[in-house]
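Structure file coords37.cif (mmCIF, C-alpha atoms) is printed below.
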```
data_structure
loop_
_atom_site.label_atom_id
_atom_site.label_comp_id
_atom_site.auth_asym_id
_atom_site.auth_seq_id
_atom_site.Cartn_x
_atom_site.Cartn_y
_atom_site.Cartn_z
CA MET A 1 17.71 55.69 16.02
CA PRO A 2 14.00 54.84 15.59
CA ASN A 3 12.21 53.52 18.65
CA ALA A 4 12.02 49.75 19.00
CA TYR A 5 8.26 50.06 19.27
CA PHE A 6 5.42 52.47 18.48
CA ASP A 7 2.43 52.64 20.81
CA PHE A 8 -1.02 53.32 19.41
CA LYS A 9 -4.21 53.71 21.44
CA GLN A 10 -5.26 50.07 21.11
CA PHE A 11 -2.08 48.21 20.11
CA ARG A 12 1.70 48.32 20.07
CA ILE A 13 3.90 47.89 17.00
CA ALA A 14 7.30 46.39 17.80
CA GLN A 15 9.63 47.23 14.91
CA ASP A 16 13.18 46.38 15.94
CA ARG A 17 13.38 43.47 13.46
CA CYS A 18 11.73 45.26 10.53
CA ALA A 19 13.64 47.24 7.93
CA MET A 20 10.77 49.64 7.34
CA LYS A 21 9.51 51.32 10.49
CA VAL A 22 6.15 52.89 11.26
CA SER A 23 5.75 55.91 8.98
CA THR A 24 3.30 58.79 8.83
CA ASP A 25 2.46 57.89 5.22
CA ALA A 26 1.45 54.34 6.17
CA CYS A 27 -0.59 55.59 9.13
CA ILE A 28 -2.49 57.97 6.84
CA GLN A 29 -3.05 55.16 4.34
CA GLY A 30 -4.37 52.80 7.00
CA ALA A 31 -6.63 55.38 8.63
CA TRP A 32 -8.11 56.66 5.37
CA LEU A 33 -8.69 53.21 3.92
CA ALA A 34 -10.19 51.92 7.18
CA THR A 35 -12.78 54.70 6.88
CA VAL A 36 -13.42 53.94 3.21
CA PHE A 37 -13.45 50.15 3.51
CA ARG A 38 -15.81 50.29 6.48
CA GLN A 39 -18.54 51.61 4.16
CA TYR A 40 -18.43 48.31 2.25
CA ASN A 41 -18.23 46.03 5.31
CA PRO A 42 -15.64 43.61 3.86
CA ALA A 43 -15.64 40.09 5.30
CA THR A 44 -12.12 39.30 4.08
CA ILE A 45 -9.09 41.59 3.72
CA LEU A 46 -5.62 40.94 2.27
CA ASP A 47 -2.60 42.98 3.42
CA ILE A 48 0.21 42.63 0.85
CA GLY A 49 3.74 43.15 2.19
CA ALA A 50 2.55 43.49 5.76
CA GLY A 51 5.88 44.55 7.30
CA THR A 52 5.26 45.15 11.01
CA GLY A 53 1.56 44.34 10.61
CA LEU A 54 0.60 47.99 11.12
CA LEU A 55 -2.01 48.22 8.35
CA SER A 56 -3.60 44.91 9.30
CA LEU A 57 -4.02 46.02 12.89
CA MET A 58 -5.40 49.44 11.93
CA LEU A 59 -8.02 47.71 9.79
CA ALA A 60 -8.73 45.12 12.49
CA GLN A 61 -9.41 47.94 14.95
CA GLU A 62 -11.86 49.80 12.73
CA ILE A 63 -13.60 47.01 10.77
CA PRO A 64 -15.14 44.56 13.27
CA HIS A 65 -15.49 40.90 12.26
CA ALA A 66 -13.31 41.20 9.12
CA LEU A 67 -10.86 38.32 8.71
CA ILE A 68 -7.46 39.64 7.61
CA THR A 69 -4.65 37.76 5.86
CA ALA A 70 -1.26 39.49 6.07
CA VAL A 71 1.47 38.24 3.72
CA GLU A 72 5.13 39.17 4.18
CA ILE A 73 8.10 37.69 2.31
CA ASN A 74 10.84 38.80 4.73
CA GLU A 75 11.34 36.24 7.50
CA ASP A 76 12.19 38.71 10.28
CA ALA A 77 9.38 41.08 9.39
CA CYS A 78 6.93 38.19 9.15
CA ALA A 79 7.91 36.97 12.62
CA GLN A 80 7.57 40.48 14.04
CA ALA A 81 4.18 41.01 12.41
CA ALA A 82 3.00 37.71 13.91
CA GLU A 83 4.27 38.85 17.32
CA ASN A 84 2.45 42.18 17.01
CA VAL A 85 -0.76 40.40 16.05
CA ARG A 86 -0.48 37.95 18.97
CA ASN A 87 -0.07 40.86 21.38
CA SER A 88 -2.99 42.81 19.91
CA PRO A 89 -6.68 42.62 20.87
CA TRP A 90 -7.48 40.80 17.58
CA PRO A 91 -5.18 37.74 17.22
CA GLU A 92 -8.09 35.55 16.14
CA ARG A 93 -8.92 37.81 13.18
CA VAL A 94 -5.48 38.39 11.65
CA ARG A 95 -3.45 35.58 10.06
CA VAL A 96 0.19 36.27 9.13
CA CYS A 97 1.69 34.23 6.27
CA GLY A 98 5.35 34.10 5.27
CA LYS A 99 5.08 34.03 1.49
CA ALA A 100 5.48 36.13 -1.61
CA LEU A 101 2.46 37.67 -3.30
CA GLN A 102 3.36 35.70 -6.43
CA ASP A 103 2.74 32.47 -4.48
CA MET A 104 -0.77 33.42 -3.35
CA ASP A 105 -3.50 31.02 -4.43
CA ASP A 106 -5.84 32.97 -6.69
CA THR A 107 -8.78 30.68 -5.90
CA SER A 108 -9.31 32.69 -2.69
CA LEU A 109 -10.79 36.13 -3.35
CA TYR A 110 -10.81 39.11 -0.99
CA ASP A 111 -13.37 41.85 -0.44
CA ALA A 112 -10.63 44.39 0.29
CA ILE A 113 -6.89 44.54 -0.41
CA ILE A 114 -4.39 46.98 1.05
CA CYS A 115 -0.77 47.43 0.02
CA ASN A 116 2.06 49.86 0.74
CA PRO A 117 4.35 48.48 -1.99
CA PRO A 118 8.12 48.88 -2.39
CA PHE A 119 9.09 51.87 -4.44
CA PHE A 120 11.96 54.32 -5.08
CA HIS A 121 13.19 52.08 -7.90
CA ASN A 122 15.33 54.86 -9.37
CA HIS A 123 17.03 55.78 -6.10
CA LEU A 124 20.34 54.52 -4.73
CA GLU A 125 19.75 51.33 -2.82
CA SER A 126 20.39 51.07 0.89
CA GLN A 127 23.41 49.10 2.03
CA ASP A 128 21.04 47.28 4.38
CA SER A 129 19.73 44.48 2.14
CA HIS A 130 16.50 44.08 4.12
CA ARG A 131 15.73 47.79 3.95
CA SER A 132 16.62 47.79 0.26
CA MET A 133 14.23 44.90 -0.36
CA ALA A 134 11.45 46.71 1.47
CA ARG A 135 11.96 49.97 -0.42
CA HIS A 136 12.85 49.02 -3.99
CA SER A 137 10.34 47.91 -6.58
CA HIS A 138 12.45 45.16 -8.16
CA THR A 139 11.12 42.92 -5.35
CA LEU A 140 7.50 43.59 -6.40
CA SER A 141 7.00 45.35 -9.71
CA LYS A 142 3.91 47.39 -10.52
CA GLU A 143 3.04 44.86 -13.23
CA VAL A 144 3.08 41.91 -10.83
CA LEU A 145 1.22 43.84 -8.14
CA ALA A 146 -1.53 44.93 -10.54
CA GLU A 147 -1.92 41.45 -12.01
CA LYS A 148 -2.15 39.72 -8.61
CA VAL A 149 -4.49 42.33 -7.10
CA ALA A 150 -6.79 41.91 -10.10
CA GLN A 151 -6.72 38.13 -9.63
CA LEU A 152 -7.32 38.20 -5.88
CA LEU A 153 -9.96 40.94 -5.66
CA SER A 154 -13.59 39.89 -5.56
CA ALA A 155 -15.95 41.23 -8.24
CA ASP A 156 -17.18 44.08 -6.02
CA GLY A 157 -13.99 44.36 -3.98
CA LYS A 158 -11.88 47.45 -3.30
CA ALA A 159 -8.09 47.77 -3.23
CA GLY A 160 -6.17 50.58 -1.55
CA ILE A 161 -2.64 51.27 -2.84
CA LEU A 162 -0.05 53.89 -1.77
CA TYR A 163 2.61 55.21 -4.16
CA PRO A 164 4.78 58.33 -4.40
CA ALA A 165 3.05 61.03 -6.44
CA SER A 166 5.90 60.76 -8.96
CA GLU A 167 4.96 57.13 -9.68
CA TRP A 168 1.18 57.43 -9.50
CA ASP A 169 0.46 57.98 -13.20
CA ALA A 170 2.62 54.98 -14.12
CA TRP A 171 0.76 52.84 -11.58
CA ILE A 172 -2.63 53.93 -12.94
CA ARG A 173 -1.64 52.99 -16.51
CA ILE A 174 -0.37 49.56 -15.45
CA ALA A 175 -3.35 48.92 -13.17
CA ARG A 176 -5.79 49.82 -15.95
CA LYS A 177 -4.21 47.24 -18.24
CA ALA A 178 -4.82 44.63 -15.52
CA GLY A 179 -8.48 45.64 -15.23
CA LEU A 180 -8.26 47.91 -12.17
CA HIS A 181 -9.61 51.45 -12.13
CA VAL A 182 -9.28 54.35 -9.71
CA GLN A 183 -12.50 55.15 -7.86
CA SER A 184 -11.12 57.78 -5.49
CA GLN A 185 -7.75 59.09 -4.40
CA LEU A 186 -6.19 60.97 -1.50
CA LEU A 187 -3.36 63.39 -2.29
CA ILE A 188 -0.99 63.78 0.67
CA ARG A 189 1.21 66.82 1.10
CA PRO A 190 3.57 67.49 4.03
CA HIS A 191 2.91 71.28 4.08
CA LEU A 192 0.42 73.56 2.36
CA HIS A 193 3.15 75.18 0.25
CA LYS A 194 4.44 71.77 -0.91
CA ALA A 195 3.11 69.68 -3.78
CA PRO A 196 1.58 66.28 -2.94
CA ASN A 197 4.30 63.65 -2.49
CA ARG A 198 2.15 60.58 -1.84
CA VAL A 199 -1.13 59.29 -3.24
CA VAL A 200 -3.47 56.67 -1.80
CA GLY A 201 -5.90 55.33 -4.37
CA LEU A 202 -9.02 53.23 -4.04
CA MET A 203 -9.18 50.78 -6.96
CA SER A 204 -11.95 48.49 -8.19
CA ARG A 205 -12.89 46.44 -11.23
CA GLN A 206 -15.56 48.93 -12.25
CA VAL A 207 -14.79 51.80 -14.60
CA HIS A 208 -15.58 55.12 -12.93
CA PRO A 209 -16.48 58.09 -15.15
CA GLN A 210 -14.85 60.50 -12.73
CA THR A 211 -12.24 59.95 -10.02
CA GLU A 212 -13.10 61.57 -6.70
CA THR A 213 -10.03 63.41 -5.43
CA THR A 214 -9.47 64.76 -1.92
CA GLY A 215 -6.41 66.17 -0.22
CA LEU A 216 -4.74 65.95 3.17
CA CYS A 217 -2.02 68.25 4.51
CA ILE A 218 0.00 66.90 7.44
CA TYR A 219 1.49 70.06 8.98
CA GLU A 220 0.35 73.64 9.41
CA ALA A 221 2.26 76.17 7.30
CA GLY A 222 5.76 76.80 8.58
CA SER A 223 5.46 74.51 11.60
CA ARG A 224 5.48 70.93 12.83
CA THR A 225 1.96 71.29 14.19
CA TYR A 226 -0.52 68.79 12.79
CA THR A 227 -3.46 70.17 10.80
CA PRO A 228 -7.02 69.68 12.11
CA GLU A 229 -7.70 67.31 9.19
CA PHE A 230 -4.74 65.11 10.11
CA ILE A 231 -5.73 65.09 13.78
CA ASP A 232 -9.30 64.11 12.92
CA LEU A 233 -8.14 61.23 10.70
CA LEU A 234 -5.50 59.80 13.04
CA ASN A 235 -7.24 60.49 16.35
CA PRO A 236 -8.59 56.89 16.67
CA TYR A 237 -4.99 55.60 16.57
CA TYR A 238 -2.38 58.09 17.79
CA LEU A 239 -1.84 58.33 21.54
CA HIS A 240 -0.94 62.01 21.55
CA LEU A 241 -2.84 64.37 19.27
#
```

Rendering of file as structure tokens:
Amino acid sequence: MPNAYFDFKQFRIAQDRCAMKVSTDACIQGAWLATVFRQYNPATILDIGAGTGLLSLMLAQEIPHALITAVEINEDACAQAAENVRNSPWPERVRVCGKALQDMDDTSLYDAIICNPPFFHNHLESQDSHRSMARHSHTLSKEVLAEKVAQLLSADGKAGILYPASEWDAWIRIARKAGLHVQSQLLIRPHLHKAPNRVVGLMSRQVHPQTETTGLCIYEAGSRTYTPEFIDLLNPYYLHL
């Protein structure tokens, strides 16, 4: 059984009412994008499908003064994200909204957008309907996500999206049709001898002649020991590294 909460250095994530718990993939996404976004000093950030509120709080920790809007369609997850925000050091900078992305008003634009979208659309669905909704892309298709991100991103804004490596090329094609282009990407692999299984991409409206690609390996070869690169990235957040 997963723990009912996950303690980070500066905040706690309660997760007993959320289908999708704190994951290593999401922590890598939040830490890497916090570092990247910080270079652009965004004033406004949108977290799509906020779940527990993890990504919003990671960004709140590392990007001072940014105002963050976290949207979550699931009622229980939305309530838990709001609770986690209230109990964090930054309740005045993170606003949790219980709504679908499709219902977002596109007159408000954001300097940065982050999303860990539902995926595994070809896998057997969980018997837990909430977990199934959180994991399967019929609740938020790539086409809808790309269209809404393009509508809600400011002209010079950046969007950070996580997908399985097996779905990354399909996402890039759909995003390009919506006017979004990959600026840089992080390829995540669990072990050195394994192929990348997740990709985090930084998207923008500008066409980039060459995509900057970097890699991150989580574990040392043949062990469950974190690599120095992983430790360096997650050190601002994880209690025990």

Write out as a Markdown table the residues of stretch 152-184 of chain A that have any atom within 9 Å of an atom of stretch 40-62 of chain A, one row each with the nearest atom pair and its distance in Å to one decimal, counting all atoms listed in the file, sorted by chain and then rising number.
```
| residue | atom | partner | partner_atom | distance |
| --- | --- | --- | --- | --- |
| A:Leu152 | CA | A:Leu46 | CA | 8.8 |
| A:Gly157 | CA | A:Pro42 | CA | 8.0 |
| A:Lys158 | CA | A:Tyr40 | CA | 8.6 |
```

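Nearest to A:Asp106 of all the residues A:Ile73, A:Leu153, A:Cys78, A:Ile68 is A:Leu153, based on all atoms listed in the file.
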
Exercise. If you count all atoms listed in the file, which residues fall within 9 Å of stretch 186-196 of chain A, apart from same-chain ones fewer than 2 positions away, as a ChimeraX atom specification?
Worked result: /A:25,28-29,32,164-165,184,198-202,212-223

Exercise. To one decimal place, how far is atom CA of A:Ile174 from atom CA of A:Ala19 in Å?
Worked result: 27.4 Å

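Minimum distance to A:Lys9 across A:Pro236, A:Pro89, A:Gly179, A:Gly98 (counting only C-alpha atoms) occurs at A:Pro236.
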
Excluding A:Leu241 and residues on its chain fewer than 5 positions from it, collect all residues at most 12 Å away from it, counting only C-alpha atoms, and give them as a compact mmCIF listing (two decimals) with C-alpha atoms, keeping the file's coordinate frame.
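Full text of selection.txt as output:
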```txt
# COMPACT_ATOMS: atom_id res chain seq x y z
CA PHE A 8 -1.02 53.32 19.41
CA LYS A 9 -4.21 53.71 21.44
CA THR A 225 1.96 71.29 14.19
CA TYR A 226 -0.52 68.79 12.79
CA THR A 227 -3.46 70.17 10.80
CA PRO A 228 -7.02 69.68 12.11
CA GLU A 229 -7.70 67.31 9.19
CA PHE A 230 -4.74 65.11 10.11
CA ILE A 231 -5.73 65.09 13.78
CA ASP A 232 -9.30 64.11 12.92
CA LEU A 233 -8.14 61.23 10.70
CA LEU A 234 -5.50 59.80 13.04
CA ASN A 235 -7.24 60.49 16.35
CA PRO A 236 -8.59 56.89 16.67
```
